[in-house]
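The structure file data_39.cif is reproduced below (mmCIF, C-alpha atoms).
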data_protein
#
loop_
_atom_site.label_atom_id
_atom_site.label_comp_id
_atom_site.auth_asym_id
_atom_site.auth_seq_id
_atom_site.Cartn_x
_atom_site.Cartn_y
_atom_site.Cartn_z
CA MET A 881 111.49 114.13 113.75
CA THR A 882 112.79 110.56 113.53
CA LYS A 883 113.99 110.84 117.13
CA ARG A 884 110.63 112.15 118.34
CA TYR A 885 108.63 109.36 116.67
CA HIS A 886 111.22 106.56 116.87
CA LYS A 887 108.87 104.16 118.68
CA TYR A 888 106.44 104.29 115.73
CA VAL A 889 109.20 104.06 113.12
CA GLU A 890 110.81 101.09 114.90
CA LYS A 891 107.48 99.22 114.94
CA ASP A 892 107.01 100.03 111.22
CA LEU A 893 103.84 101.99 112.03
CA MET A 894 105.20 105.17 110.51
CA SER A 895 107.72 106.18 107.88
CA ILE A 896 109.41 109.54 107.76
CA VAL A 897 110.36 110.67 104.27
CA GLN A 898 112.06 113.92 103.33
CA ASP A 899 111.09 114.91 99.80
CA ASP A 900 110.00 117.89 97.70
CA ALA A 901 106.20 118.01 98.03
CA THR A 902 105.87 119.55 94.56
CA GLN A 903 107.54 116.46 93.06
CA PHE A 904 107.41 113.48 95.49
CA THR A 905 110.14 111.52 93.74
CA LEU A 906 110.71 109.13 96.68
CA ILE A 907 107.09 108.07 97.24
CA ASN A 908 105.37 105.45 95.09
CA ASP A 909 101.91 105.93 93.59
CA GLU A 910 99.01 104.86 95.82
CA SER A 911 101.32 103.78 98.65
CA VAL A 912 100.36 106.19 101.45
CA ASP A 913 97.59 105.74 104.03
CA SER A 914 97.39 109.38 105.16
CA VAL A 915 99.08 112.75 104.75
CA VAL A 916 99.02 115.56 107.29
CA ASP A 917 100.40 119.01 106.44
CA LYS A 918 100.78 121.60 109.15
CA GLY A 919 101.82 124.61 107.11
CA LEU A 920 103.15 124.04 103.58
CA VAL A 921 99.88 124.48 101.68
CA ASP A 922 99.07 127.59 103.71
CA ALA A 923 102.55 129.07 103.19
CA LEU A 924 102.43 128.48 99.43
CA PHE A 925 98.92 129.91 99.19
CA CYS A 926 99.84 133.02 101.22
CA ALA A 927 102.92 133.50 99.03
CA GLU A 928 100.57 133.51 96.02
CA GLN A 929 102.04 130.27 94.69
CA GLY A 930 98.74 128.74 93.55
CA GLY A 931 100.46 126.61 90.94
CA MET A 932 102.67 125.05 93.58
CA VAL A 933 99.63 124.40 95.79
CA GLN A 934 98.09 122.49 92.88
CA GLN A 935 101.35 120.53 92.39
CA VAL A 936 101.32 119.53 96.07
CA MET A 937 97.65 118.53 95.87
CA GLY A 938 98.34 116.49 92.74
CA ASN A 939 101.27 114.67 94.29
CA VAL A 940 99.40 113.96 97.50
CA HIS A 941 96.53 112.59 95.42
CA ARG A 942 98.89 110.45 93.33
CA THR A 943 100.57 108.89 96.38
CA LEU A 944 97.46 108.34 98.55
CA LYS A 945 95.59 105.07 98.42
CA ALA A 946 91.93 105.30 97.34
CA GLY A 947 89.62 106.34 100.16
CA LYS A 948 92.48 107.67 102.30
CA VAL A 949 92.79 111.15 103.79
CA PHE A 950 94.88 114.28 103.23
CA MET A 951 94.48 116.79 106.03
CA PHE A 952 96.03 120.22 106.38
CA PHE A 953 95.78 123.29 108.56
CA SER A 954 95.36 126.80 107.20
CA PHE A 955 94.48 130.31 108.29
CA SER A 956 93.05 130.90 104.80
CA ARG A 957 89.28 130.88 104.42
CA PRO A 958 87.66 128.18 102.23
CA GLU A 959 86.17 130.65 99.76
CA TYR A 960 89.72 131.60 98.74
CA LEU A 961 91.69 128.41 99.29
CA LEU A 962 89.35 125.82 97.77
CA GLN A 963 89.73 127.26 94.29
CA HIS A 964 93.40 126.19 94.45
CA THR A 965 93.11 122.95 96.42
CA ALA A 966 90.08 121.47 94.66
CA GLN A 967 91.21 122.28 91.13
CA ARG A 968 91.73 119.48 88.62
CA SER A 969 94.61 119.30 86.18
CA ASP A 970 92.32 120.61 83.39
CA GLY A 971 91.78 123.81 85.40
CA LYS A 972 88.18 123.09 86.43
CA VAL A 973 87.21 123.25 90.09
CA GLU A 974 86.12 119.89 91.51
CA ASP A 975 82.46 119.10 92.03
CA VAL A 976 83.14 116.89 95.03
CA GLY A 977 81.10 113.71 95.13
CA LYS A 978 80.80 113.18 91.36
CA ASN A 979 82.31 110.02 89.86
CA ASP A 980 84.97 111.81 87.79
CA VAL A 981 86.68 113.77 90.56
CA LEU A 982 89.93 113.40 92.46
CA TRP A 983 88.41 113.90 95.93
CA SER A 984 85.24 112.12 97.01
CA ASP A 985 84.74 114.27 100.09
CA VAL A 986 86.00 117.55 101.51
CA ASP A 987 85.34 118.59 105.10
CA ILE A 988 86.33 121.90 106.66
CA LEU A 989 86.44 122.40 110.40
CA GLU A 990 86.81 125.94 111.74
CA LEU A 991 88.58 126.27 115.09
CA ASN A 992 88.74 129.88 116.24
CA GLU A 993 91.06 131.41 113.62
CA ILE A 994 92.37 128.26 111.93
CA PHE A 995 90.72 125.83 109.53
CA ILE A 996 91.32 122.10 109.24
CA TYR A 997 90.78 120.86 105.69
CA ARG A 998 90.16 117.15 105.16
CA PHE A 999 90.21 115.68 101.63
CA VAL A 1000 89.31 112.04 100.94
CA LYS A 1001 90.80 110.55 97.78
CA ALA A 1002 88.15 109.25 95.42
CA GLY A 1003 88.29 105.64 94.39
CA SER A 1004 86.06 103.27 92.51
CA ASP A 1005 84.06 102.48 95.64
CA THR A 1006 84.37 105.73 97.65
CA SER A 1007 83.04 108.00 94.89
CA ARG A 1008 79.86 106.01 94.51
CA ARG A 1009 79.35 105.41 98.21
CA ARG A 1010 79.69 109.06 99.19
CA HIS A 1011 78.18 110.81 96.16
CA LYS A 1012 75.41 112.41 98.20
CA LYS A 1013 77.82 114.42 100.35
CA LYS A 1014 77.80 118.17 99.95
CA LYS A 1015 80.64 119.94 98.18
CA HIS A 1016 82.09 120.95 101.53
CA LYS A 1017 80.88 121.27 105.05
CA ARG A 1018 81.80 123.90 107.56
CA ARG A 1019 81.63 122.86 111.16
CA ILE A 1020 82.16 125.46 113.82
CA SER A 1021 83.47 124.43 117.24
CA ARG A 1022 83.44 126.78 120.16
#
Would it be possible to restate this file's structure as structure tokens?
Amino acid sequence: MTKRYHKYVEKDLMSIVQDDATQFTLINDESVDSVVDKGLVDALFCAEQGGMVQQVMGNVHRTLKAGKVFMFFSFSRPEYLLQHTAQRSDGKVEDVGKNDVLWSDVDILELNEIFIYRFVKAGSDTSRRRHKKKKHKRRISR
């Protein structure tokens, strides 16, 4: 991967870090501008590893800066997957847009048979600014 994206790494526009997503020991808190996952969350969910999905979500949340985005791709439908991805550490499912939540916004885009999930990390300003957003949106592109 470093070879493929070397021009971005050399210009310090991108960093490539190899770490365990359920622990993120090499990434500092609130130091990341965006996270894109192309299969880990889906693989863990399909393997019925809901606890590990929640660990990944928690670590992504911990390392993202406020107002920044976590996006992932999944073949799993929102009505099944959101109960694992939008769950707080106390076991309650997020009511996205409220002031006491981890994610200020969740968007879901359906493309044929795959879904793109987009989570925006809540912060002191993003939670208040976006509190009128719906819990999640489903956009369908054809």
Where does the PyMOL selection byres ((chain A and resi 944-948) around 10) land in this file, that is, which residues does it pick, as a PDB file with C-alpha atoms, keeping the file's coordinate frame?
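Saved result, part-v8.pdb, follows:
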ATOM      1  CA  ILE A 907     107.090 108.070  97.240  1.00  0.00           C
ATOM      2  CA  ASN A 908     105.370 105.450  95.090  1.00  0.00           C
ATOM      3  CA  ASP A 909     101.910 105.930  93.590  1.00  0.00           C
ATOM      4  CA  GLU A 910      99.010 104.860  95.820  1.00  0.00           C
ATOM      5  CA  SER A 911     101.320 103.780  98.650  1.00  0.00           C
ATOM      6  CA  VAL A 912     100.360 106.190 101.450  1.00  0.00           C
ATOM      7  CA  ASP A 913      97.590 105.740 104.030  1.00  0.00           C
ATOM      8  CA  SER A 914      97.390 109.380 105.160  1.00  0.00           C
ATOM      9  CA  VAL A 915      99.080 112.750 104.750  1.00  0.00           C
ATOM     10  CA  ASN A 939     101.270 114.670  94.290  1.00  0.00           C
ATOM     11  CA  VAL A 940      99.400 113.960  97.500  1.00  0.00           C
ATOM     12  CA  HIS A 941      96.530 112.590  95.420  1.00  0.00           C
ATOM     13  CA  ARG A 942      98.890 110.450  93.330  1.00  0.00           C
ATOM     14  CA  THR A 943     100.570 108.890  96.380  1.00  0.00           C
ATOM     15  CA  VAL A 949      92.790 111.150 103.790  1.00  0.00           C
ATOM     16  CA  PHE A 950      94.880 114.280 103.230  1.00  0.00           C
ATOM     17  CA  LEU A 982      89.930 113.400  92.460  1.00  0.00           C
ATOM     18  CA  TRP A 983      88.410 113.900  95.930  1.00  0.00           C
ATOM     19  CA  SER A 984      85.240 112.120  97.010  1.00  0.00           C
ATOM     20  CA  ASP A 985      84.740 114.270 100.090  1.00  0.00           C
ATOM     21  CA  PHE A 999      90.210 115.680 101.630  1.00  0.00           C
ATOM     22  CA  VAL A1000      89.310 112.040 100.940  1.00  0.00           C
ATOM     23  CA  LYS A1001      90.800 110.550  97.780  1.00  0.00           C
ATOM     24  CA  ALA A1002      88.150 109.250  95.420  1.00  0.00           C
ATOM     25  CA  GLY A1003      88.290 105.640  94.390  1.00  0.00           C
ATOM     26  CA  SER A1004      86.060 103.270  92.510  1.00  0.00           C
ATOM     27  CA  ASP A1005      84.060 102.480  95.640  1.00  0.00           C
ATOM     28  CA  THR A1006      84.370 105.730  97.650  1.00  0.00           C
ATOM     29  CA  SER A1007      83.040 108.000  94.890  1.00  0.00           C
TER      30      SER A1007
END
Could you put an axis-aligned box around every listed atom of range 982-990 of chain A, padded by 5 Å on each side, and send me its centre and edge lengths in Å to one decimal, as AutoDock Vina command-line options?
--center_x 87.3 --center_y 119.0 --center_z 102.1 --size_x 15.2 --size_y 23.8 --size_z 29.3
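Going from CA of Gly931 in chain A over to CA of Tyr960 in chain A, you cover 14.2 Å.
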For this file, the PyMOL selection byres ((chain A and resi 925) around 10) selects which residues, as a ChimeraX atom specification? /A:919-924,926-934,954,956,960-961,964-965
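The coordinates place CA of Val981 in chain A at 26.1 Å from CA of Asp899 in chain A.
The gap separating CA of Gln963 in chain A from CA of Glu993 in chain A is 19.8 Å, in Å to one decimal.
Neighbours of Met951 in chain A closer than or equal to 6 Å, with only C-alpha atoms counted and sequence neighbours fewer than 2 positions away skipped, come out as Val916, Tyr997 and Arg998 of chain A.
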For each of A:Val936, A:Val986, A:Ala901, A:Val889, take the minimum atom-to-atom distance to Leu962 in chain A, counting all atoms listed in the file, then give the residue where this is smallest. A:Val986
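Considering the residues A:Ala966, A:Ile988, A:Met881, A:Met937 and counting all atoms listed in the file, Ser895 in chain A has its shortest atom-to-atom contact with A:Met881.
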